$ cat target29.txt   # compact mmCIF, N, CA and C atoms
# COMPACT_ATOMS: atom_id res chain seq x y z
N MET T 1 -1.67 14.95 79.53
CA MET T 1 -1.32 16.13 78.74
C MET T 1 -1.46 17.36 79.63
N GLN T 2 -0.50 18.24 79.55
CA GLN T 2 -0.51 19.47 80.34
C GLN T 2 -0.96 20.63 79.45
N TYR T 3 -2.14 21.17 79.75
CA TYR T 3 -2.73 22.25 78.95
C TYR T 3 -2.50 23.61 79.60
N PHE T 4 -2.87 24.66 78.87
CA PHE T 4 -2.73 26.04 79.33
C PHE T 4 -3.28 26.21 80.75
N GLU T 5 -4.45 25.64 81.01
CA GLU T 5 -5.10 25.80 82.31
C GLU T 5 -4.29 25.18 83.45
N ASP T 6 -3.45 24.23 83.13
CA ASP T 6 -2.66 23.54 84.16
C ASP T 6 -1.41 24.31 84.58
N LEU T 7 -1.03 25.30 83.80
CA LEU T 7 0.20 26.05 84.07
C LEU T 7 -0.09 27.18 85.04
N VAL T 8 0.77 27.33 86.06
CA VAL T 8 0.55 28.26 87.16
C VAL T 8 1.61 29.35 87.15
N VAL T 9 1.15 30.60 87.13
CA VAL T 9 2.08 31.73 87.22
C VAL T 9 2.84 31.63 88.53
N GLY T 10 4.15 31.79 88.45
CA GLY T 10 5.02 31.70 89.63
C GLY T 10 5.67 30.35 89.80
N SER T 11 5.17 29.34 89.09
CA SER T 11 5.78 28.02 89.23
C SER T 11 7.15 27.99 88.53
N LYS T 12 8.05 27.22 89.11
CA LYS T 12 9.41 27.10 88.59
C LYS T 12 9.74 25.63 88.36
N GLN T 13 10.62 25.42 87.38
CA GLN T 13 11.16 24.08 87.11
C GLN T 13 12.66 24.21 86.90
N ARG T 14 13.39 23.22 87.37
CA ARG T 14 14.82 23.10 87.06
C ARG T 14 14.98 21.79 86.31
N PHE T 15 15.71 21.84 85.20
CA PHE T 15 15.85 20.63 84.39
C PHE T 15 17.08 20.75 83.50
N GLY T 16 17.40 19.63 82.87
CA GLY T 16 18.48 19.59 81.90
C GLY T 16 19.82 19.24 82.52
N ASN T 17 20.66 18.73 81.65
CA ASN T 17 22.04 18.40 82.01
C ASN T 17 22.77 18.23 80.69
N ARG T 18 23.43 19.28 80.24
CA ARG T 18 24.02 19.28 78.89
C ARG T 18 25.50 19.60 78.99
N ALA T 19 26.33 18.60 78.68
CA ALA T 19 27.78 18.80 78.67
C ALA T 19 28.17 19.54 77.39
N VAL T 20 29.05 20.51 77.52
CA VAL T 20 29.54 21.29 76.39
C VAL T 20 30.90 20.72 76.00
N THR T 21 31.02 20.27 74.76
CA THR T 21 32.29 19.68 74.31
C THR T 21 33.02 20.61 73.35
N ARG T 22 34.31 20.50 73.36
CA ARG T 22 35.17 21.28 72.46
C ARG T 22 34.81 21.02 71.00
N ASP T 23 34.64 19.76 70.64
CA ASP T 23 34.33 19.42 69.24
C ASP T 23 33.01 20.05 68.80
N GLU T 24 31.99 20.03 69.68
CA GLU T 24 30.70 20.65 69.35
C GLU T 24 30.82 22.16 69.21
N VAL T 25 31.58 22.79 70.10
CA VAL T 25 31.76 24.25 70.05
C VAL T 25 32.35 24.64 68.70
N ILE T 26 33.38 23.94 68.30
CA ILE T 26 34.06 24.26 67.02
C ILE T 26 33.15 23.93 65.83
N ALA T 27 32.50 22.77 65.87
CA ALA T 27 31.63 22.38 64.74
C ALA T 27 30.48 23.37 64.57
N PHE T 28 29.86 23.79 65.68
CA PHE T 28 28.78 24.77 65.58
C PHE T 28 29.31 26.08 65.01
N ALA T 29 30.43 26.53 65.53
CA ALA T 29 31.01 27.80 65.06
C ALA T 29 31.39 27.73 63.59
N GLU T 30 31.98 26.63 63.16
CA GLU T 30 32.35 26.50 61.74
C GLU T 30 31.14 26.67 60.84
N GLN T 31 30.01 26.14 61.27
CA GLN T 31 28.83 26.19 60.42
C GLN T 31 28.01 27.45 60.59
N TYR T 32 27.90 27.99 61.81
CA TYR T 32 26.93 29.06 62.08
C TYR T 32 27.50 30.37 62.62
N ASP T 33 28.67 30.37 63.23
CA ASP T 33 29.20 31.58 63.85
C ASP T 33 30.73 31.54 63.82
N PRO T 34 31.31 31.62 62.61
CA PRO T 34 32.74 31.37 62.45
C PRO T 34 33.65 32.53 62.89
N GLN T 35 33.44 33.00 64.09
CA GLN T 35 34.33 34.03 64.63
C GLN T 35 35.54 33.32 65.24
N PRO T 36 36.73 33.93 65.13
CA PRO T 36 37.96 33.26 65.55
C PRO T 36 37.96 32.75 67.00
N PHE T 37 37.35 33.49 67.92
CA PHE T 37 37.37 33.07 69.33
C PHE T 37 36.46 31.87 69.60
N HIS T 38 35.65 31.46 68.61
CA HIS T 38 34.87 30.23 68.73
C HIS T 38 35.53 29.06 68.00
N LEU T 39 36.62 29.36 67.30
CA LEU T 39 37.26 28.35 66.44
C LEU T 39 38.68 27.97 66.86
N SER T 40 39.36 28.88 67.56
CA SER T 40 40.79 28.70 67.78
C SER T 40 41.19 29.09 69.20
N ASP T 41 41.95 28.20 69.84
CA ASP T 41 42.47 28.50 71.18
C ASP T 41 43.34 29.75 71.16
N GLU T 42 44.17 29.87 70.13
CA GLU T 42 45.10 31.00 70.04
C GLU T 42 44.33 32.31 69.87
N ALA T 43 43.36 32.34 68.98
CA ALA T 43 42.57 33.56 68.76
C ALA T 43 41.78 33.91 70.02
N ALA T 44 41.21 32.91 70.66
CA ALA T 44 40.41 33.15 71.87
C ALA T 44 41.28 33.67 73.01
N ALA T 45 42.52 33.19 73.10
CA ALA T 45 43.42 33.63 74.18
C ALA T 45 43.71 35.12 74.10
N ALA T 46 43.61 35.69 72.92
CA ALA T 46 43.89 37.12 72.74
C ALA T 46 42.67 38.00 72.98
N THR T 47 41.55 37.40 73.40
CA THR T 47 40.32 38.18 73.64
C THR T 47 40.00 38.20 75.14
N HIS T 48 38.94 38.92 75.47
CA HIS T 48 38.48 38.96 76.87
C HIS T 48 37.97 37.60 77.35
N PHE T 49 37.65 36.67 76.41
CA PHE T 49 37.23 35.33 76.81
C PHE T 49 38.40 34.55 77.42
N GLY T 50 39.60 34.77 76.89
CA GLY T 50 40.79 34.11 77.41
C GLY T 50 41.00 32.69 76.92
N ARG T 51 39.94 32.06 76.44
CA ARG T 51 40.02 30.71 75.91
C ARG T 51 38.82 30.45 75.02
N LEU T 52 38.86 29.34 74.32
CA LEU T 52 37.80 28.97 73.40
C LEU T 52 36.45 29.02 74.10
N SER T 53 35.47 29.69 73.48
CA SER T 53 34.14 29.79 74.08
C SER T 53 33.08 29.44 73.05
N ALA T 54 31.95 28.97 73.55
CA ALA T 54 30.82 28.63 72.69
C ALA T 54 30.15 29.90 72.20
N SER T 55 29.66 29.85 70.98
CA SER T 55 28.82 30.92 70.46
C SER T 55 27.58 31.05 71.34
N GLY T 56 27.12 32.28 71.53
CA GLY T 56 25.86 32.47 72.25
C GLY T 56 24.72 31.75 71.56
N TRP T 57 24.77 31.70 70.23
CA TRP T 57 23.73 31.00 69.48
C TRP T 57 23.81 29.49 69.72
N HIS T 58 25.00 28.98 69.96
CA HIS T 58 25.15 27.57 70.32
C HIS T 58 24.53 27.34 71.70
N THR T 59 24.75 28.27 72.62
CA THR T 59 24.14 28.17 73.94
C THR T 59 22.62 28.15 73.81
N CYS T 60 22.09 29.00 72.93
CA CYS T 60 20.63 28.99 72.68
C CYS T 60 20.18 27.63 72.16
N ALA T 61 20.92 27.06 71.22
CA ALA T 61 20.55 25.77 70.63
C ALA T 61 20.59 24.65 71.68
N MET T 62 21.63 24.65 72.52
CA MET T 62 21.71 23.63 73.57
C MET T 62 20.56 23.79 74.56
N THR T 63 20.21 25.04 74.86
CA THR T 63 19.09 25.32 75.76
C THR T 63 17.78 24.82 75.16
N MET T 64 17.59 25.09 73.88
CA MET T 64 16.36 24.63 73.23
C MET T 64 16.24 23.12 73.30
N SER T 65 17.34 22.42 73.13
CA SER T 65 17.33 20.96 73.23
C SER T 65 16.85 20.52 74.62
N MET T 66 17.33 21.18 75.66
CA MET T 66 16.91 20.83 77.02
C MET T 66 15.44 21.18 77.25
N ILE T 67 15.00 22.31 76.71
CA ILE T 67 13.60 22.72 76.85
C ILE T 67 12.67 21.71 76.18
N VAL T 68 13.00 21.30 74.96
CA VAL T 68 12.15 20.34 74.24
C VAL T 68 12.09 19.01 74.98
N GLU T 69 13.21 18.53 75.48
CA GLU T 69 13.20 17.28 76.25
C GLU T 69 12.30 17.41 77.47
N ASN T 70 12.33 18.56 78.14
CA ASN T 70 11.48 18.79 79.30
C ASN T 70 10.00 18.84 78.89
N LEU T 71 9.70 19.52 77.79
CA LEU T 71 8.31 19.58 77.32
C LEU T 71 7.79 18.19 76.98
N LYS T 72 8.62 17.38 76.34
CA LYS T 72 8.20 16.01 76.01
C LYS T 72 7.98 15.19 77.28
N ALA T 73 8.87 15.33 78.25
CA ALA T 73 8.75 14.57 79.49
C ALA T 73 7.48 14.95 80.26
N ASN T 74 7.05 16.21 80.14
CA ASN T 74 5.87 16.69 80.84
C ASN T 74 4.62 16.70 79.97
N ALA T 75 4.73 16.22 78.73
CA ALA T 75 3.61 16.14 77.80
C ALA T 75 2.82 17.44 77.72
N GLN T 76 3.54 18.54 77.56
CA GLN T 76 2.87 19.84 77.44
C GLN T 76 2.25 19.99 76.06
N ALA T 77 1.09 20.59 76.00
CA ALA T 77 0.35 20.80 74.75
C ALA T 77 0.85 22.05 74.04
N GLY T 78 2.17 22.11 73.84
CA GLY T 78 2.79 23.27 73.21
C GLY T 78 2.49 23.36 71.72
N LEU T 79 2.37 24.58 71.24
CA LEU T 79 2.05 24.84 69.84
C LEU T 79 3.09 25.74 69.18
N GLY T 80 4.28 25.79 69.73
CA GLY T 80 5.33 26.62 69.15
C GLY T 80 5.48 27.93 69.91
N SER T 81 6.21 28.84 69.29
CA SER T 81 6.53 30.10 69.95
C SER T 81 6.54 31.25 68.95
N PRO T 82 5.94 32.39 69.33
CA PRO T 82 6.04 33.56 68.47
C PRO T 82 7.33 34.34 68.68
N GLY T 83 8.19 33.89 69.62
CA GLY T 83 9.48 34.56 69.79
C GLY T 83 9.91 34.68 71.23
N ILE T 84 11.07 35.30 71.39
CA ILE T 84 11.62 35.54 72.72
C ILE T 84 11.92 37.03 72.88
N ASP T 85 12.02 37.46 74.11
CA ASP T 85 12.34 38.84 74.45
C ASP T 85 13.53 38.84 75.41
N GLU T 86 14.26 39.91 75.39
CA GLU T 86 15.30 40.18 76.39
C GLU T 86 16.38 39.10 76.49
N LEU T 87 16.82 38.56 75.36
CA LEU T 87 17.91 37.59 75.36
C LEU T 87 19.20 38.26 75.82
N LYS T 88 19.84 37.66 76.82
CA LYS T 88 21.10 38.21 77.33
C LYS T 88 22.08 37.08 77.57
N TRP T 89 23.27 37.22 77.03
CA TRP T 89 24.37 36.31 77.31
C TRP T 89 25.17 36.94 78.43
N LEU T 90 25.14 36.33 79.61
CA LEU T 90 25.70 36.93 80.82
C LEU T 90 27.16 36.58 81.06
N LYS T 91 27.51 35.34 80.76
CA LYS T 91 28.88 34.84 80.96
C LYS T 91 29.21 33.91 79.82
N PRO T 92 30.49 33.78 79.48
CA PRO T 92 30.85 32.82 78.43
C PRO T 92 30.60 31.38 78.86
N VAL T 93 30.32 30.56 77.86
CA VAL T 93 30.18 29.12 78.05
C VAL T 93 31.40 28.48 77.41
N PHE T 94 32.07 27.62 78.17
CA PHE T 94 33.33 27.03 77.72
C PHE T 94 33.20 25.51 77.56
N PRO T 95 34.01 24.92 76.69
CA PRO T 95 34.08 23.46 76.66
C PRO T 95 34.41 22.95 78.06
N GLY T 96 33.72 21.90 78.46
CA GLY T 96 33.88 21.36 79.81
C GLY T 96 32.78 21.80 80.75
N ASP T 97 32.05 22.87 80.41
CA ASP T 97 30.92 23.28 81.23
C ASP T 97 29.78 22.27 81.08
N THR T 98 28.91 22.25 82.07
CA THR T 98 27.68 21.47 82.01
C THR T 98 26.54 22.43 82.34
N LEU T 99 25.58 22.50 81.43
CA LEU T 99 24.49 23.47 81.55
C LEU T 99 23.21 22.83 82.06
N HIS T 100 22.43 23.62 82.79
CA HIS T 100 21.08 23.25 83.17
C HIS T 100 20.21 24.50 83.16
N VAL T 101 18.90 24.31 83.24
CA VAL T 101 17.94 25.38 83.00
C VAL T 101 17.01 25.54 84.20
N GLU T 102 16.63 26.80 84.46
CA GLU T 102 15.53 27.09 85.37
C GLU T 102 14.53 27.92 84.60
N SER T 103 13.27 27.54 84.69
CA SER T 103 12.20 28.24 83.98
C SER T 103 11.12 28.63 84.98
N GLU T 104 10.65 29.87 84.88
CA GLU T 104 9.59 30.37 85.76
C GLU T 104 8.49 30.98 84.91
N ILE T 105 7.25 30.56 85.14
CA ILE T 105 6.12 31.17 84.44
C ILE T 105 5.85 32.52 85.08
N ILE T 106 5.90 33.59 84.27
CA ILE T 106 5.72 34.93 84.82
C ILE T 106 4.40 35.58 84.39
N GLU T 107 3.75 35.01 83.39
CA GLU T 107 2.49 35.60 82.92
C GLU T 107 1.82 34.61 81.98
N LYS T 108 0.49 34.66 81.94
CA LYS T 108 -0.23 33.87 80.95
C LYS T 108 -1.57 34.53 80.66
N ARG T 109 -2.03 34.32 79.43
CA ARG T 109 -3.34 34.86 79.03
C ARG T 109 -3.86 34.04 77.86
N VAL T 110 -5.17 33.95 77.77
CA VAL T 110 -5.78 33.29 76.63
C VAL T 110 -5.68 34.24 75.44
N SER T 111 -5.39 33.72 74.28
CA SER T 111 -5.31 34.53 73.06
C SER T 111 -6.67 35.15 72.75
N ALA T 112 -6.67 36.45 72.47
CA ALA T 112 -7.92 37.14 72.12
C ALA T 112 -8.46 36.68 70.77
N SER T 113 -7.58 36.38 69.84
CA SER T 113 -8.01 36.01 68.48
C SER T 113 -8.12 34.50 68.28
N ARG T 114 -7.47 33.72 69.14
CA ARG T 114 -7.46 32.25 69.00
C ARG T 114 -7.71 31.62 70.38
N PRO T 115 -8.97 31.58 70.81
CA PRO T 115 -9.27 31.11 72.18
C PRO T 115 -8.92 29.64 72.43
N GLU T 116 -8.56 28.90 71.38
CA GLU T 116 -8.15 27.51 71.58
C GLU T 116 -6.69 27.42 72.05
N MET T 117 -6.06 28.57 72.24
CA MET T 117 -4.69 28.59 72.74
C MET T 117 -4.46 29.76 73.68
N GLY T 118 -3.44 29.60 74.51
CA GLY T 118 -3.03 30.67 75.39
C GLY T 118 -1.58 31.02 75.13
N ILE T 119 -1.18 32.17 75.63
CA ILE T 119 0.21 32.63 75.51
C ILE T 119 0.81 32.63 76.91
N VAL T 120 1.89 31.90 77.07
CA VAL T 120 2.57 31.79 78.35
C VAL T 120 3.94 32.44 78.22
N ARG T 121 4.22 33.39 79.12
CA ARG T 121 5.54 34.03 79.15
C ARG T 121 6.32 33.44 80.31
N GLY T 122 7.55 33.05 80.01
CA GLY T 122 8.38 32.47 81.05
C GLY T 122 9.79 33.02 81.02
N ARG T 123 10.35 33.21 82.20
CA ARG T 123 11.75 33.63 82.32
C ARG T 123 12.61 32.37 82.37
N THR T 124 13.51 32.26 81.44
CA THR T 124 14.40 31.11 81.37
C THR T 124 15.81 31.58 81.70
N THR T 125 16.45 30.88 82.63
CA THR T 125 17.83 31.17 83.00
C THR T 125 18.63 29.89 82.84
N VAL T 126 19.76 30.01 82.18
CA VAL T 126 20.66 28.87 81.97
C VAL T 126 21.85 29.05 82.89
N PHE T 127 22.22 27.98 83.58
CA PHE T 127 23.31 27.99 84.54
C PHE T 127 24.39 27.01 84.12
N ASN T 128 25.62 27.29 84.52
CA ASN T 128 26.69 26.30 84.34
C ASN T 128 26.76 25.41 85.58
N GLN T 129 27.75 24.54 85.61
CA GLN T 129 27.90 23.57 86.70
C GLN T 129 28.16 24.21 88.06
N ASP T 130 28.57 25.47 88.09
CA ASP T 130 28.81 26.19 89.34
C ASP T 130 27.60 27.01 89.77
N ASP T 131 26.46 26.80 89.08
CA ASP T 131 25.22 27.56 89.30
C ASP T 131 25.40 29.04 89.01
N VAL T 132 26.29 29.37 88.09
CA VAL T 132 26.46 30.74 87.62
C VAL T 132 25.57 30.91 86.38
N ALA T 133 24.74 31.95 86.40
CA ALA T 133 23.86 32.21 85.26
C ALA T 133 24.71 32.63 84.06
N VAL T 134 24.49 31.96 82.92
CA VAL T 134 25.24 32.28 81.71
C VAL T 134 24.36 32.91 80.63
N MET T 135 23.04 32.70 80.72
CA MET T 135 22.14 33.26 79.71
C MET T 135 20.74 33.37 80.31
N THR T 136 20.00 34.36 79.86
CA THR T 136 18.61 34.51 80.28
C THR T 136 17.79 35.08 79.13
N PHE T 137 16.52 34.74 79.12
CA PHE T 137 15.58 35.33 78.15
C PHE T 137 14.15 35.13 78.66
N ILE T 138 13.25 35.89 78.06
CA ILE T 138 11.82 35.72 78.30
C ILE T 138 11.26 35.01 77.07
N GLY T 139 10.71 33.83 77.28
CA GLY T 139 10.12 33.07 76.18
C GLY T 139 8.62 33.26 76.13
N ASN T 140 8.09 33.31 74.93
CA ASN T 140 6.65 33.39 74.71
C ASN T 140 6.24 32.10 74.03
N THR T 141 5.36 31.35 74.68
CA THR T 141 4.99 30.03 74.19
C THR T 141 3.48 29.95 73.98
N LEU T 142 3.09 29.36 72.88
CA LEU T 142 1.67 29.09 72.62
C LEU T 142 1.36 27.71 73.17
N VAL T 143 0.29 27.60 73.96
CA VAL T 143 -0.09 26.33 74.58
C VAL T 143 -1.58 26.13 74.36
N ALA T 144 -1.96 24.94 73.94
CA ALA T 144 -3.37 24.63 73.70
C ALA T 144 -4.17 24.71 74.99
N THR T 145 -5.39 25.26 74.89
CA THR T 145 -6.31 25.21 76.02
C THR T 145 -6.96 23.83 76.05
N ARG T 146 -7.49 23.47 77.18
CA ARG T 146 -8.09 22.15 77.36
C ARG T 146 -9.30 22.03 76.43
N PRO T 147 -9.37 20.92 75.67
CA PRO T 147 -10.52 20.73 74.79
C PRO T 147 -11.83 20.68 75.58
N ALA T 148 -12.88 21.20 74.97
CA ALA T 148 -14.20 21.24 75.65
C ALA T 148 -14.74 19.86 75.85

$ encode --input "target29.txt" --output "structure tokens"
Amino acid sequence: MQYFEDLVVGSKQRFGNRAVTRDEVIAFAEQYDPQPFHLSDEAAAATHFGRLSASGWHTCAMTMSMIVENLKANAQAGLGSPGIDELKWLKPVFPGDTLHVESEIIEKRVSASRPEMGIVRGRTTVFNQDDVAVMTFIGNTLVATRPA
């Protein structure tokens, strides 16, 4: 199990491999972000995207899937998240792209009110198959401290 004390400020990880499919882009948009440029080739062609693009929220969901798989693989003692800061969608994500993640721990501290957990801040950057950054955010994660 990887506890708060095991996490090192400055450490980086690269992980994930998520193919973006046309059917998923449309299905997500139909349910959660039904803007025309996420639903129709014709509508998207008339925008600055130029073609069908994934919702930024879909990109967030795909990223979360990769993050959770990485946390499970590393057996991190995660306790959830109080939120994210500075979410930025840098480039469109298109069907046919393949996404991966880089995460860097930028800060950590033990909780003042809950000493059985710490707060870890990490910069997460999502890249496409060409290593072009498509999204970034600062995540705040609660992680259990090592039991006494």

$ residues_around --input "target29.txt" --residues "segment 68-81 of chain T" --least-positions-apart "2" --cutoff "6 Å" --atoms "all atoms listed in the file" --output "PyMOL selection string"
chain T and resi 1-3+63-66+83+140-144

$ closest_residue --input "target29.txt" --among "T:Leu99, T:Pro82, T:Ala44, T:Leu87" --to "Ile119 of chain T" --atoms "only C-alpha atoms"
T:Pro82

$ closest_residue --input "target29.txt" --among "T:Val110, T:Thr125, T:Glu42, T:Met135" --to "His58 of chain T" --atoms "only C-alpha atoms"
T:Met135

$ closest_residue --input "target29.txt" --among "T:Gly122, T:Gly50, T:Pro95, T:Pro36" --to "Gln13 of chain T" --atoms "only C-alpha atoms"
T:Gly122

$ select_by_dssp --input "target29.txt" --residues "segment 54-147 of chain T" --states "helix (DSSP H, G or I)" --output "number ranges by chain"
T: 56-73

$ residues_near_point --input "target29.txt" --point "(29.3, 26.3, 63.4)" --cutoff "12 Å" --atoms "only C-alpha atoms" --output "CSV table (one decimal) with N, CA and C atoms, in the frame of the given file"
chain,number,residue,atom,x,y,z
T,22,ARG,N,34.3,20.5,73.4
T,22,ARG,CA,35.2,21.3,72.5
T,22,ARG,C,34.8,21.0,71.0
T,23,ASP,N,34.6,19.8,70.6
T,23,ASP,CA,34.3,19.4,69.2
T,23,ASP,C,33.0,20.0,68.8
T,24,GLU,N,32.0,20.0,69.7
T,24,GLU,CA,30.7,20.6,69.4
T,24,GLU,C,30.8,22.2,69.2
T,25,VAL,N,31.6,22.8,70.1
T,25,VAL,CA,31.8,24.2,70.0
T,25,VAL,C,32.4,24.6,68.7
T,26,ILE,N,33.4,23.9,68.3
T,26,ILE,CA,34.1,24.3,67.0
T,26,ILE,C,33.2,23.9,65.8
T,27,ALA,N,32.5,22.8,65.9
T,27,ALA,CA,31.6,22.4,64.7
T,27,ALA,C,30.5,23.4,64.6
T,28,PHE,N,29.9,23.8,65.7
T,28,PHE,CA,28.8,24.8,65.6
T,28,PHE,C,29.3,26.1,65.0
T,29,ALA,N,30.4,26.5,65.5
T,29,ALA,CA,31.0,27.8,65.1
T,29,ALA,C,31.4,27.7,63.6
T,30,GLU,N,32.0,26.6,63.2
T,30,GLU,CA,32.4,26.5,61.7
T,30,GLU,C,31.1,26.7,60.8
T,31,GLN,N,30.0,26.1,61.3
T,31,GLN,CA,28.8,26.2,60.4
T,31,GLN,C,28.0,27.4,60.6
T,32,TYR,N,27.9,28.0,61.8
T,32,TYR,CA,26.9,29.1,62.1
T,32,TYR,C,27.5,30.4,62.6
T,33,ASP,N,28.7,30.4,63.2
T,33,ASP,CA,29.2,31.6,63.8
T,33,ASP,C,30.7,31.5,63.8
T,34,PRO,N,31.3,31.6,62.6
T,34,PRO,CA,32.7,31.4,62.4
T,34,PRO,C,33.6,32.5,62.9
T,35,GLN,N,33.4,33.0,64.1
T,35,GLN,CA,34.3,34.0,64.6
T,35,GLN,C,35.5,33.3,65.2
T,36,PRO,N,36.7,33.9,65.1
T,36,PRO,CA,38.0,33.3,65.6
T,36,PRO,C,38.0,32.8,67.0
T,38,HIS,N,35.6,31.5,68.6
T,38,HIS,CA,34.9,30.2,68.7
T,38,HIS,C,35.5,29.1,68.0
T,39,LEU,N,36.6,29.4,67.3
T,39,LEU,CA,37.3,28.4,66.4
T,39,LEU,C,38.7,28.0,66.9
T,54,ALA,N,32.0,29.0,73.6
T,54,ALA,CA,30.8,28.6,72.7
T,54,ALA,C,30.2,29.9,72.2
T,55,SER,N,29.7,29.8,71.0
T,55,SER,CA,28.8,30.9,70.5
T,55,SER,C,27.6,31.0,71.3
T,56,GLY,N,27.1,32.3,71.5
T,56,GLY,CA,25.9,32.5,72.2
T,56,GLY,C,24.7,31.8,71.6
T,57,TRP,N,24.8,31.7,70.2
T,57,TRP,CA,23.7,31.0,69.5
T,57,TRP,C,23.8,29.5,69.7
T,58,HIS,N,25.0,29.0,70.0
T,58,HIS,CA,25.2,27.6,70.3
T,58,HIS,C,24.5,27.3,71.7
T,59,THR,N,24.8,28.3,72.6
T,59,THR,CA,24.1,28.2,73.9
T,59,THR,C,22.6,28.2,73.8
T,61,ALA,N,20.9,27.1,71.2
T,61,ALA,CA,20.6,25.8,70.6
T,61,ALA,C,20.6,24.6,71.7

$ atom_distance --input "target29.txt" --atom1 "atom C of Arg121 of chain T" --atom2 "atom N of Arg18 of chain T"
22.2 Å

$ closest_residue --input "target29.txt" --among "T:Leu90, T:Met62, T:Phe4, T:His48" --to "Ala133 of chain T" --atoms "only N, CA and C atoms"
T:Leu90

$ residues_around --input "target29.txt" --residues "Gln129 of chain T" --least-positions-apart "3" --cutoff "6.5 Å" --atoms "all atoms listed in the file" --output "ChimeraX atom specification"
/T:97-100,132

$ residues_around --input "target29.txt" --residues "Ser103 of chain T" --least-positions-apart "5" --cutoff "5 Å" --atoms "all atoms listed in the file" --output "ChimeraX atom specification"
/T:12-13,123-124

$ atom_distance --input "target29.txt" --atom1 "atom CA of Lys88 of chain T" --atom2 "atom CA of Ile138 of chain T"
9.7 Å

$ atom_distance --input "target29.txt" --atom1 "atom N of Gly16 of chain T" --atom2 "atom C of Leu52 of chain T"
23.0 Å

$ closest_residue --input "target29.txt" --among "T:Glu5, T:Asn128, T:Thr145, T:Phe15" --to "Pro115 of chain T" --atoms "all atoms listed in the file"
T:Thr145

$ select_by_dssp --input "target29.txt" --residues "chain T" --states "strand (DSSP E or B)" --output "MDAnalysis selection string"
chainID T and resid 2 12:19 76 78 83:89 98:110 117:127 133:144

$ residues_around --input "target29.txt" --residues "Val134 of chain T" --least-positions-apart "5" --cutoff "7 Å" --atoms "only C-alpha atoms" --output "PyMOL selection string"
chain T and resi 89-93+126-128

$ write_last_selection --input "target29.txt" --atoms "N, CA and C atoms" --output "CSV table (one decimal), in the coordinates of the input"
chain,number,residue,atom,x,y,z
T,89,TRP,N,23.3,37.2,77.0
T,89,TRP,CA,24.4,36.3,77.3
T,89,TRP,C,25.2,36.9,78.4
T,90,LEU,N,25.1,36.3,79.6
T,90,LEU,CA,25.7,36.9,80.8
T,90,LEU,C,27.2,36.6,81.1
T,91,LYS,N,27.5,35.3,80.8
T,91,LYS,CA,28.9,34.8,81.0
T,91,LYS,C,29.2,33.9,79.8
T,92,PRO,N,30.5,33.8,79.5
T,92,PRO,CA,30.8,32.8,78.4
T,92,PRO,C,30.6,31.4,78.9
T,93,VAL,N,30.3,30.6,77.9
T,93,VAL,CA,30.2,29.1,78.0
T,93,VAL,C,31.4,28.5,77.4
T,126,VAL,N,19.8,30.0,82.2
T,126,VAL,CA,20.7,28.9,82.0
T,126,VAL,C,21.8,29.0,82.9
T,127,PHE,N,22.2,28.0,83.6
T,127,PHE,CA,23.3,28.0,84.5
T,127,PHE,C,24.4,27.0,84.1
T,128,ASN,N,25.6,27.3,84.5
T,128,ASN,CA,26.7,26.3,84.3
T,128,ASN,C,26.8,25.4,85.6
